[in-house]
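Printed here is protein-v3.csv (CSV, C-alpha atoms):
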```csv
chain,number,residue,atom,x,y,z
A,101,MET,CA,19.5,37.4,-10.4
A,102,THR,CA,19.5,38.9,-13.9
A,103,GLY,CA,18.7,37.1,-17.1
A,104,VAL,CA,15.6,35.1,-15.9
A,105,ALA,CA,13.4,35.2,-19.0
A,106,ASN,CA,11.5,31.9,-18.9
A,107,ARG,CA,11.8,28.5,-17.2
A,108,TRP,CA,14.4,27.3,-19.7
A,109,SER,CA,16.9,30.1,-19.1
A,110,ILE,CA,20.3,29.3,-17.7
A,111,ALA,CA,19.6,32.0,-15.1
A,112,THR,CA,16.5,30.1,-14.0
A,113,GLY,CA,18.5,27.0,-13.4
A,114,ILE,CA,20.9,29.0,-11.3
A,115,ALA,CA,18.0,30.6,-9.4
A,116,ARG,CA,16.4,27.3,-8.7
A,117,ALA,CA,19.6,25.8,-7.4
A,118,LEU,CA,20.3,28.8,-5.1
A,119,HIS,CA,16.8,28.7,-3.8
A,120,ALA,CA,17.1,25.0,-3.0
A,121,HIS,CA,20.1,25.8,-0.9
A,122,GLY,CA,18.4,28.5,1.1
A,123,ALA,CA,19.2,31.7,-0.8
A,124,SER,CA,16.8,34.6,-0.7
A,125,LEU,CA,16.5,35.8,-4.3
A,126,ILE,CA,15.8,39.1,-6.1
A,127,PHE,CA,14.9,39.0,-9.8
A,128,ILE,CA,15.9,41.8,-12.2
A,129,TYR,CA,14.2,41.8,-15.6
A,130,GLN,CA,14.4,43.9,-18.7
A,131,GLY,CA,11.1,45.2,-20.0
A,132,GLU,CA,7.4,44.4,-19.8
A,133,ARG,CA,7.8,41.6,-22.4
A,134,VAL,CA,9.1,39.2,-19.8
A,135,ARG,CA,7.5,40.6,-16.7
A,136,ASP,CA,4.7,38.1,-16.3
A,137,GLU,CA,6.9,35.1,-16.8
A,138,VAL,CA,9.5,36.4,-14.4
A,139,GLU,CA,6.9,37.2,-11.7
A,140,LYS,CA,5.5,33.7,-12.1
A,141,LEU,CA,8.8,32.1,-11.6
A,142,ALA,CA,9.6,34.4,-8.7
A,143,ALA,CA,6.4,33.3,-7.0
A,144,GLU,CA,7.5,29.7,-7.3
A,145,LEU,CA,10.9,30.5,-5.8
A,146,GLY,CA,10.0,31.8,-2.4
A,147,GLY,CA,8.0,34.8,-3.6
A,148,ALA,CA,11.2,36.6,-4.7
A,149,PRO,CA,10.7,40.3,-5.4
A,150,SER,CA,11.3,41.4,-8.9
A,151,PHE,CA,12.3,44.8,-10.3
A,152,PRO,CA,12.7,46.1,-13.8
A,153,CYS,CA,16.1,47.5,-14.8
A,154,ASP,CA,17.6,48.6,-18.1
A,155,VAL,CA,21.3,47.8,-17.6
A,156,GLY,CA,22.1,50.2,-20.4
A,157,SER,CA,21.0,53.1,-18.1
A,158,ASP,CA,23.1,54.2,-15.1
A,159,GLU,CA,20.0,56.0,-13.7
A,160,ALA,CA,18.0,52.7,-13.8
A,161,ILE,CA,20.8,50.9,-12.0
A,162,ALA,CA,21.0,53.6,-9.4
A,163,ALA,CA,17.3,53.3,-8.8
A,164,LEU,CA,17.7,49.6,-8.5
A,165,ALA,CA,20.4,50.0,-5.9
A,166,ALA,CA,18.1,52.1,-3.8
A,167,GLN,CA,15.5,49.4,-3.7
A,168,VAL,CA,17.3,46.1,-3.2
A,169,GLY,CA,19.2,46.6,0.0
A,170,PRO,CA,22.3,44.6,1.1
A,171,LEU,CA,23.4,41.8,-1.3
A,172,ASP,CA,25.5,38.7,-0.8
A,173,GLY,CA,26.2,38.8,-4.5
A,174,PHE,CA,24.6,38.8,-8.0
A,175,VAL,CA,24.5,36.8,-11.2
A,176,HIS,CA,25.1,38.6,-14.5
A,177,SER,CA,23.4,36.5,-17.2
A,178,ILE,CA,22.9,39.3,-19.8
A,179,ALA,CA,23.8,39.4,-23.5
A,180,PHE,CA,22.5,41.0,-26.6
A,181,VAL,CA,23.6,40.9,-30.2
A,182,ASN,CA,21.7,42.0,-33.3
A,183,LYS,CA,20.8,38.9,-35.2
A,184,GLU,CA,22.6,40.1,-38.4
A,185,ASP,CA,25.8,40.2,-36.3
A,186,LEU,CA,25.6,36.5,-35.4
A,187,SER,CA,26.2,35.4,-39.0
A,188,GLY,CA,28.2,36.4,-42.1
A,189,LYS,CA,31.6,37.9,-41.8
A,190,VAL,CA,32.9,39.6,-38.6
A,191,TYR,CA,34.3,42.4,-40.7
A,192,ASP,CA,30.8,43.3,-41.8
A,193,THR,CA,29.8,44.1,-38.1
A,194,SER,CA,28.4,47.6,-37.9
A,195,ARG,CA,30.0,50.1,-35.6
A,196,ALA,CA,26.6,50.6,-34.0
A,197,GLY,CA,26.0,46.9,-33.6
A,198,PHE,CA,29.4,46.4,-32.0
A,199,ALA,CA,28.8,49.3,-29.5
A,200,LEU,CA,25.4,48.0,-28.5
A,201,SER,CA,26.6,44.4,-28.0
A,202,LEU,CA,29.6,45.4,-25.9
A,203,ASP,CA,27.5,47.8,-23.9
A,204,ILE,CA,24.8,45.3,-23.0
A,205,SER,CA,26.8,42.0,-23.0
A,206,SER,CA,30.0,43.2,-21.4
A,207,TYR,CA,30.1,46.8,-20.0
A,208,SER,CA,26.8,46.1,-18.1
A,209,LEU,CA,28.9,44.0,-15.6
A,210,ILE,CA,31.0,47.0,-14.8
A,211,ALA,CA,27.9,49.2,-14.6
A,212,LEU,CA,26.2,46.8,-12.2
A,213,VAL,CA,29.2,46.5,-10.0
A,214,ARG,CA,29.7,50.2,-9.8
A,215,GLY,CA,26.0,50.8,-9.1
A,216,LEU,CA,25.6,48.1,-6.6
A,217,ARG,CA,29.0,48.2,-4.9
A,218,GLU,CA,27.6,49.8,-1.7
A,219,ASN,CA,24.9,47.1,-1.6
A,220,LEU,CA,27.4,44.2,-1.9
A,221,ARG,CA,28.5,42.9,1.5
A,222,ASP,CA,32.2,42.1,2.1
A,223,GLY,CA,32.8,38.6,1.0
A,224,ALA,CA,30.1,38.6,-1.6
A,225,SER,CA,30.2,36.6,-4.8
A,226,VAL,CA,29.7,38.0,-8.3
A,227,MET,CA,29.1,35.6,-11.2
A,228,ALA,CA,28.9,36.2,-15.0
A,229,LEU,CA,27.9,33.7,-17.7
A,230,THR,CA,30.2,33.2,-20.6
A,231,TYR,CA,30.7,30.7,-23.4
A,232,TYR,CA,33.5,28.7,-25.2
A,233,GLY,CA,33.2,31.1,-28.2
A,234,ALA,CA,35.0,33.7,-26.1
A,235,THR,CA,38.4,32.0,-26.7
A,236,SER,CA,37.7,29.7,-29.7
A,237,ILE,CA,36.1,30.2,-33.1
A,238,VAL,CA,32.5,29.1,-33.1
A,239,PRO,CA,31.0,29.7,-36.5
A,240,ASN,CA,28.0,32.1,-36.5
A,241,TYR,CA,28.7,33.2,-32.9
A,242,ASN,CA,30.8,36.1,-34.2
A,243,LEU,CA,30.2,39.3,-32.3
A,244,ALA,CA,28.7,37.4,-29.3
A,245,GLY,CA,32.1,35.7,-28.9
A,246,ILE,CA,33.9,39.0,-29.0
A,247,ALA,CA,31.6,40.4,-26.4
A,248,LYS,CA,32.1,37.3,-24.2
A,249,ALA,CA,35.9,37.7,-24.5
A,250,ALA,CA,35.6,41.2,-23.2
A,251,LEU,CA,33.3,40.0,-20.4
A,252,GLU,CA,35.9,37.4,-19.2
A,253,SER,CA,38.6,40.1,-19.1
A,254,ILE,CA,36.3,42.4,-17.1
A,255,VAL,CA,35.8,39.5,-14.6
A,256,ARG,CA,39.5,39.3,-14.0
A,257,TYR,CA,40.0,43.1,-13.5
A,258,LEU,CA,36.9,43.4,-11.3
A,259,ALA,CA,38.2,40.5,-9.2
A,260,TYR,CA,41.4,42.4,-8.6
A,261,ASP,CA,39.6,45.7,-7.7
A,262,LEU,CA,37.1,44.0,-5.4
A,263,GLY,CA,39.5,41.6,-3.8
A,264,GLU,CA,40.4,44.0,-1.0
A,265,ARG,CA,36.8,43.5,0.3
A,266,ALA,CA,37.0,39.7,-0.2
A,267,ILE,CA,34.4,40.0,-3.0
A,268,ARG,CA,34.9,37.2,-5.5
A,269,VAL,CA,34.2,37.6,-9.2
A,270,ASN,CA,34.1,34.6,-11.4
A,271,ALA,CA,32.6,33.4,-14.7
A,272,ILE,CA,30.8,30.2,-15.6
A,273,SER,CA,31.3,29.0,-19.1
A,274,ALA,CA,28.3,26.9,-19.8
A,275,GLY,CA,28.2,24.4,-22.6
A,276,PRO,CA,25.5,24.8,-25.3
A,277,ILE,CA,22.0,24.6,-23.9
A,278,SER,CA,18.8,25.0,-25.8
A,279,THR,CA,17.5,28.4,-24.7
A,280,ALA,CA,15.6,31.1,-26.6
A,281,SER,CA,18.9,33.1,-27.2
A,282,SER,CA,21.1,30.1,-28.2
A,283,ARG,CA,18.6,29.1,-30.8
A,284,GLN,CA,19.3,32.3,-32.6
A,285,VAL,CA,22.8,30.9,-33.5
A,286,ALA,CA,22.7,29.3,-36.9
A,287,GLY,CA,23.7,25.6,-36.7
A,288,PHE,CA,23.0,25.4,-33.0
A,289,LYS,CA,21.7,21.8,-33.3
A,290,LYS,CA,25.0,20.8,-34.8
A,291,ILE,CA,26.9,22.3,-31.8
A,292,LEU,CA,24.7,20.3,-29.4
A,293,GLY,CA,25.4,17.1,-31.4
A,294,SER,CA,29.2,17.7,-31.4
A,295,VAL,CA,29.3,18.1,-27.7
A,296,ALA,CA,27.2,15.0,-27.1
A,297,LYS,CA,29.4,13.0,-29.4
A,298,ASN,CA,32.9,14.3,-28.5
A,299,ALA,CA,33.0,15.8,-25.0
A,300,PRO,CA,34.8,13.6,-22.4
A,301,LEU,CA,31.5,13.0,-20.6
A,302,ARG,CA,29.6,12.3,-23.9
A,303,ARG,CA,26.6,14.4,-23.0
A,304,ASN,CA,25.3,17.9,-23.1
A,305,VAL,CA,24.8,19.9,-19.9
A,306,THR,CA,21.6,21.2,-18.4
A,307,ILE,CA,20.7,24.4,-16.6
A,308,ASP,CA,20.7,22.4,-13.4
A,309,ASP,CA,24.4,21.5,-13.9
A,310,VAL,CA,25.2,25.2,-14.3
A,311,GLY,CA,23.1,25.9,-11.2
A,312,ASN,CA,25.1,23.5,-9.1
A,313,THR,CA,28.3,25.2,-10.0
A,314,ALA,CA,26.7,28.6,-9.2
A,315,VAL,CA,25.8,27.3,-5.7
A,316,TYR,CA,29.5,26.4,-5.1
A,317,LEU,CA,30.7,29.9,-6.3
A,318,ALA,CA,28.0,31.6,-4.2
A,319,SER,CA,29.0,29.8,-1.0
A,320,ASP,CA,31.9,30.0,1.4
A,321,LEU,CA,33.3,26.7,-0.2
A,322,SER,CA,34.8,29.0,-2.9
A,323,ARG,CA,36.0,31.8,-0.6
A,324,ALA,CA,39.5,31.5,-2.0
A,325,VAL,CA,38.4,31.3,-5.7
A,326,THR,CA,38.2,34.4,-7.8
A,327,ALA,CA,39.2,35.8,-11.2
A,328,ASP,CA,38.6,32.6,-13.0
A,329,VAL,CA,36.4,31.0,-15.7
A,330,HIS,CA,34.7,27.7,-14.6
A,331,PHE,CA,33.7,25.4,-17.4
A,332,VAL,CA,30.5,23.4,-17.1
A,333,ASP,CA,30.6,21.8,-20.5
A,334,SER,CA,31.3,18.1,-20.0
A,335,GLY,CA,34.9,18.8,-20.7
A,336,TYR,CA,34.4,19.9,-24.3
A,337,HIS,CA,36.7,23.0,-23.9
A,338,ALA,CA,39.7,20.7,-23.3
A,339,LEU,CA,39.5,18.8,-26.6
A,340,GLY,CA,42.2,19.1,-29.1
A,341,LEU,CA,40.7,16.6,-31.6
A,342,HIS,CA,37.2,15.4,-32.1
A,343,ALA,CA,36.3,11.7,-32.3
A,344,ASP,CA,35.9,11.9,-36.1
A,345,GLU,CA,39.3,13.4,-36.5
A,346,THR,CA,42.8,11.8,-36.5
A,347,ALA,CA,46.1,13.0,-35.3
A,348,PRO,CA,48.7,13.9,-38.0
```
Conversion result in structure tokens:
Amino acid sequence: MTGVANRWSIATGIARALHAHGASLIFIYQGERVRDEVEKLAAELGGAPSFPCDVGSDEAIAALAAQVGPLDGFVHSIAFVNKEDLSGKVYDTSRAGFALSLDISSYSLIALVRGLRENLRDGASVMALTYYGATSIVPNYNLAGIAKAALESIVRYLAYDLGERAIRVNAISAGPISTASSRQVAGFKKILGSVAKNAPLRRNVTIDDVGNTAVYLASDLSRAVTADVHFVDSGYHALGLHADETAP
């Protein structure tokens, strides 16, 4: 498990669901800032071991691979964008900001697969977390959406490369959920309100909803499912018009 920062993280919902269905977990965290919270959550979920890992470092990933042993899969729930690149005009994105975001948010999936490929058992399941903003315009999501679009493409190409070992690679596109990172997006409360009002199921989703889908993707029930994006957003992604709009 990557991306577990606190009990409200989407990755935490996934970890809880996997643990409830008998999975033995390993937590990967970035930096001392979140270490105490991660270790506290790990203790609640079967005493899962936790390891620091900077996914921007191939050396750190290699060190991780030497410690974790065989894996039935892993969850990539990692993203980073400088706050100034989440608002304003996309054409004002700095070259350095773009490189950093694509490295951490997208390339890190490639780096982890390469570094952990000998750890992954045949038939393993790899999951990445994405969002609607990868394929549609979400104001103030900006560079994050561009990075998620790259991530979704990486999922498809990795699925092809790993398919000969029956390793499945999928993405979960979660609807908006109030997490520490999502609250950095300007107007986030309006996004939550729009989903609750207009989505076919007329509600926002929870980290537990995402966790349930992750359990399916981690299990043999999805052994013929790969290279796809699975929406857990109450059907919002399928809308052509919102309830307050009229057809021409």
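Here atom CA of A:Leu125 stands at a distance of 26.1 Å from atom CA of A:Tyr260.
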Proximity to A:Asn242 - best of A:Glu184, A:Glu139, A:Asp154, A:Asp309, all atoms listed in the file | A:Glu184
Env of stretch 155-168 of chain A: 12 Å cut, atoms = only C-alpha atoms, seq-sep filter 3 positions within chain, self excluded. Answer as an mmCIF file with C-alpha atoms, keeping the file's coordinate frame.
```cif
data_model
loop_
_atom_site.group_PDB
_atom_site.id
_atom_site.type_symbol
_atom_site.label_atom_id
_atom_site.label_comp_id
_atom_site.auth_asym_id
_atom_site.auth_seq_id
_atom_site.Cartn_x
_atom_site.Cartn_y
_atom_site.Cartn_z
ATOM 1 C CA MET A 101 19.500 37.400 -10.400
ATOM 2 C CA THR A 102 19.500 38.900 -13.900
ATOM 3 C CA GLY A 103 18.700 37.100 -17.100
ATOM 4 C CA SER A 124 16.800 34.600 -0.700
ATOM 5 C CA LEU A 125 16.500 35.800 -4.300
ATOM 6 C CA ILE A 126 15.800 39.100 -6.100
ATOM 7 C CA PHE A 127 14.900 39.000 -9.800
ATOM 8 C CA ILE A 128 15.900 41.800 -12.200
ATOM 9 C CA TYR A 129 14.200 41.800 -15.600
ATOM 10 C CA GLN A 130 14.400 43.900 -18.700
ATOM 11 C CA GLY A 131 11.100 45.200 -20.000
ATOM 12 C CA ALA A 148 11.200 36.600 -4.700
ATOM 13 C CA PRO A 149 10.700 40.300 -5.400
ATOM 14 C CA SER A 150 11.300 41.400 -8.900
ATOM 15 C CA PHE A 151 12.300 44.800 -10.300
ATOM 16 C CA PRO A 152 12.700 46.100 -13.800
ATOM 17 C CA LEU A 171 23.400 41.800 -1.300
ATOM 18 C CA ASP A 172 25.500 38.700 -0.800
ATOM 19 C CA GLY A 173 26.200 38.800 -4.500
ATOM 20 C CA PHE A 174 24.600 38.800 -8.000
ATOM 21 C CA HIS A 176 25.100 38.600 -14.500
ATOM 22 C CA SER A 177 23.400 36.500 -17.200
ATOM 23 C CA ILE A 178 22.900 39.300 -19.800
ATOM 24 C CA ALA A 179 23.800 39.400 -23.500
ATOM 25 C CA PHE A 180 22.500 41.000 -26.600
ATOM 26 C CA ALA A 199 28.800 49.300 -29.500
ATOM 27 C CA LEU A 200 25.400 48.000 -28.500
ATOM 28 C CA SER A 201 26.600 44.400 -28.000
ATOM 29 C CA LEU A 202 29.600 45.400 -25.900
ATOM 30 C CA ASP A 203 27.500 47.800 -23.900
ATOM 31 C CA ILE A 204 24.800 45.300 -23.000
ATOM 32 C CA SER A 205 26.800 42.000 -23.000
ATOM 33 C CA SER A 206 30.000 43.200 -21.400
ATOM 34 C CA TYR A 207 30.100 46.800 -20.000
ATOM 35 C CA SER A 208 26.800 46.100 -18.100
ATOM 36 C CA LEU A 209 28.900 44.000 -15.600
ATOM 37 C CA ILE A 210 31.000 47.000 -14.800
ATOM 38 C CA ALA A 211 27.900 49.200 -14.600
ATOM 39 C CA LEU A 212 26.200 46.800 -12.200
ATOM 40 C CA VAL A 213 29.200 46.500 -10.000
ATOM 41 C CA ARG A 214 29.700 50.200 -9.800
ATOM 42 C CA GLY A 215 26.000 50.800 -9.100
ATOM 43 C CA LEU A 216 25.600 48.100 -6.600
ATOM 44 C CA ARG A 217 29.000 48.200 -4.900
ATOM 45 C CA GLU A 218 27.600 49.800 -1.700
ATOM 46 C CA ASN A 219 24.900 47.100 -1.600
ATOM 47 C CA LEU A 220 27.400 44.200 -1.900
#
```
Find the residues around A:Ser253 up to 12 Å (only C-alpha atoms counted), leave out those fewer than 4 positions away in its own chain, and share them as a ChimeraX atom specification.
-> /A:206-207,209-210,228,230,234-235,246-249,257-260,269-271,327-329
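The two atoms in question, atom CA of A:Asn304 and atom CA of A:Ile277, are spaced 7.5 Å apart.
Of note, atom CA of A:Ala314 and atom CA of A:Asn298 are spaced 24.8 Å apart.
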Identify the residues within 12 Å of coordinate (25.0, 22.1, -28.1) (same frame as the file), considering all atoms listed in the file, and give the answer as a PyMOL selection string.
-> chain A and resi 231-232+238+274-279+282-283+285-299+302-306+333-334+336
Protein, DNA and RNA residues within 6 Å of (25.0, 27.6, -0.6), all atoms listed in the file, as a ChimeraX atom specification | /A:121,315,319
Among listed residues A:His342, A:Val190, A:Glu252, A:Arg133, nearest A:Ile237 (using only C-alpha atoms) = A:Val190
Please report, as CSV, each residue of stretch 121-165 of chain A lying at most 8 Å from stretch 105-109 of chain A, together with the nearest pair of atoms and the separation in Å rounded to one decimal; use all atoms listed in the file, and order rows by chain and ascending residue number.
```
residue,atom,partner,partner_atom,distance
A:Tyr129,CA,A:Ala105,CA,7.5
A:Val134,CA,A:Ala105,CA,5.9
A:Glu137,CA,A:Asn106,CA,6.0
A:Val138,CA,A:Ala105,CA,6.1
A:Leu141,CA,A:Arg107,CA,7.3
```
Between A:Thr313, A:Thr193, A:Asn240, A:Thr112, which is the closest to A:His330 once you count only C-alpha atoms?
->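 Ranked by minimum distance to A:His330, first place goes to A:Thr313.
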Of the residues A:Gly263, A:Ala224, A:Val104, A:Leu145, which is the one nearest to A:Ala123, using all atoms listed in the file?
-> A:Leu145
Would you fill the gaps in stretch 279-303 of chain A so it has N, CA and C atoms, then print it as a short mmCIF file (atom, residue, chain, number, x, y, z; two decimals), keeping the file's coordinate frame?
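Ended up saving to part_11.cif:
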```
data_model
loop_
_atom_site.label_atom_id
_atom_site.label_comp_id
_atom_site.auth_asym_id
_atom_site.auth_seq_id
_atom_site.Cartn_x
_atom_site.Cartn_y
_atom_site.Cartn_z
N THR A 279 18.27 27.30 -25.30
CA THR A 279 17.50 28.40 -24.70
C THR A 279 17.03 29.29 -25.88
N ALA A 280 16.17 30.24 -25.56
CA ALA A 280 15.60 31.10 -26.60
C ALA A 280 16.76 31.88 -27.31
N SER A 281 17.77 32.32 -26.55
CA SER A 281 18.90 33.10 -27.20
C SER A 281 19.81 32.20 -27.96
N SER A 282 20.11 31.01 -27.45
CA SER A 282 21.10 30.10 -28.20
C SER A 282 20.50 29.67 -29.49
N ARG A 283 19.20 29.52 -29.57
CA ARG A 283 18.60 29.10 -30.80
C ARG A 283 18.67 30.10 -31.92
N GLN A 284 19.12 31.31 -31.59
CA GLN A 284 19.30 32.30 -32.60
C GLN A 284 20.65 32.11 -33.37
N VAL A 285 21.50 31.23 -32.83
CA VAL A 285 22.80 30.90 -33.50
C VAL A 285 22.57 29.89 -34.55
N ALA A 286 22.91 30.22 -35.79
CA ALA A 286 22.70 29.30 -36.90
C ALA A 286 23.57 28.03 -36.67
N GLY A 287 22.98 26.88 -36.93
CA GLY A 287 23.70 25.60 -36.70
C GLY A 287 23.79 25.17 -35.32
N PHE A 288 22.93 25.70 -34.45
CA PHE A 288 23.00 25.40 -33.00
C PHE A 288 22.84 23.90 -32.75
N LYS A 289 21.95 23.26 -33.48
CA LYS A 289 21.70 21.80 -33.30
C LYS A 289 22.99 21.02 -33.54
N LYS A 290 23.78 21.45 -34.50
CA LYS A 290 25.00 20.80 -34.80
C LYS A 290 26.02 20.91 -33.64
N ILE A 291 26.00 22.07 -33.00
CA ILE A 291 26.90 22.30 -31.80
C ILE A 291 26.48 21.35 -30.72
N LEU A 292 25.18 21.23 -30.45
CA LEU A 292 24.70 20.30 -29.40
C LEU A 292 25.15 18.87 -29.75
N GLY A 293 25.03 18.49 -31.01
CA GLY A 293 25.40 17.10 -31.40
C GLY A 293 26.89 16.89 -31.26
N SER A 294 27.70 17.90 -31.55
CA SER A 294 29.20 17.70 -31.40
C SER A 294 29.57 17.53 -29.99
N VAL A 295 28.96 18.27 -29.07
CA VAL A 295 29.30 18.10 -27.70
C VAL A 295 28.89 16.72 -27.17
N ALA A 296 27.68 16.30 -27.51
CA ALA A 296 27.20 15.00 -27.10
C ALA A 296 28.08 13.86 -27.59
N LYS A 297 28.63 14.04 -28.78
CA LYS A 297 29.40 13.00 -29.40
C LYS A 297 30.88 13.01 -28.93
N ASN A 298 31.43 14.20 -28.72
CA ASN A 298 32.90 14.30 -28.50
C ASN A 298 33.35 14.70 -27.15
N ALA A 299 32.52 15.33 -26.35
CA ALA A 299 33.00 15.80 -25.00
C ALA A 299 33.35 14.55 -24.17
N PRO A 300 34.34 14.70 -23.28
CA PRO A 300 34.80 13.60 -22.40
C PRO A 300 33.60 12.88 -21.72
N LEU A 301 32.60 13.62 -21.27
CA LEU A 301 31.50 13.00 -20.60
C LEU A 301 30.37 12.54 -21.53
N ARG A 302 30.55 12.80 -22.83
CA ARG A 302 29.60 12.30 -23.90
C ARG A 302 28.17 12.74 -23.60
N ARG A 303 27.98 13.95 -23.15
CA ARG A 303 26.60 14.40 -23.00
C ARG A 303 26.62 15.96 -22.96
#
```
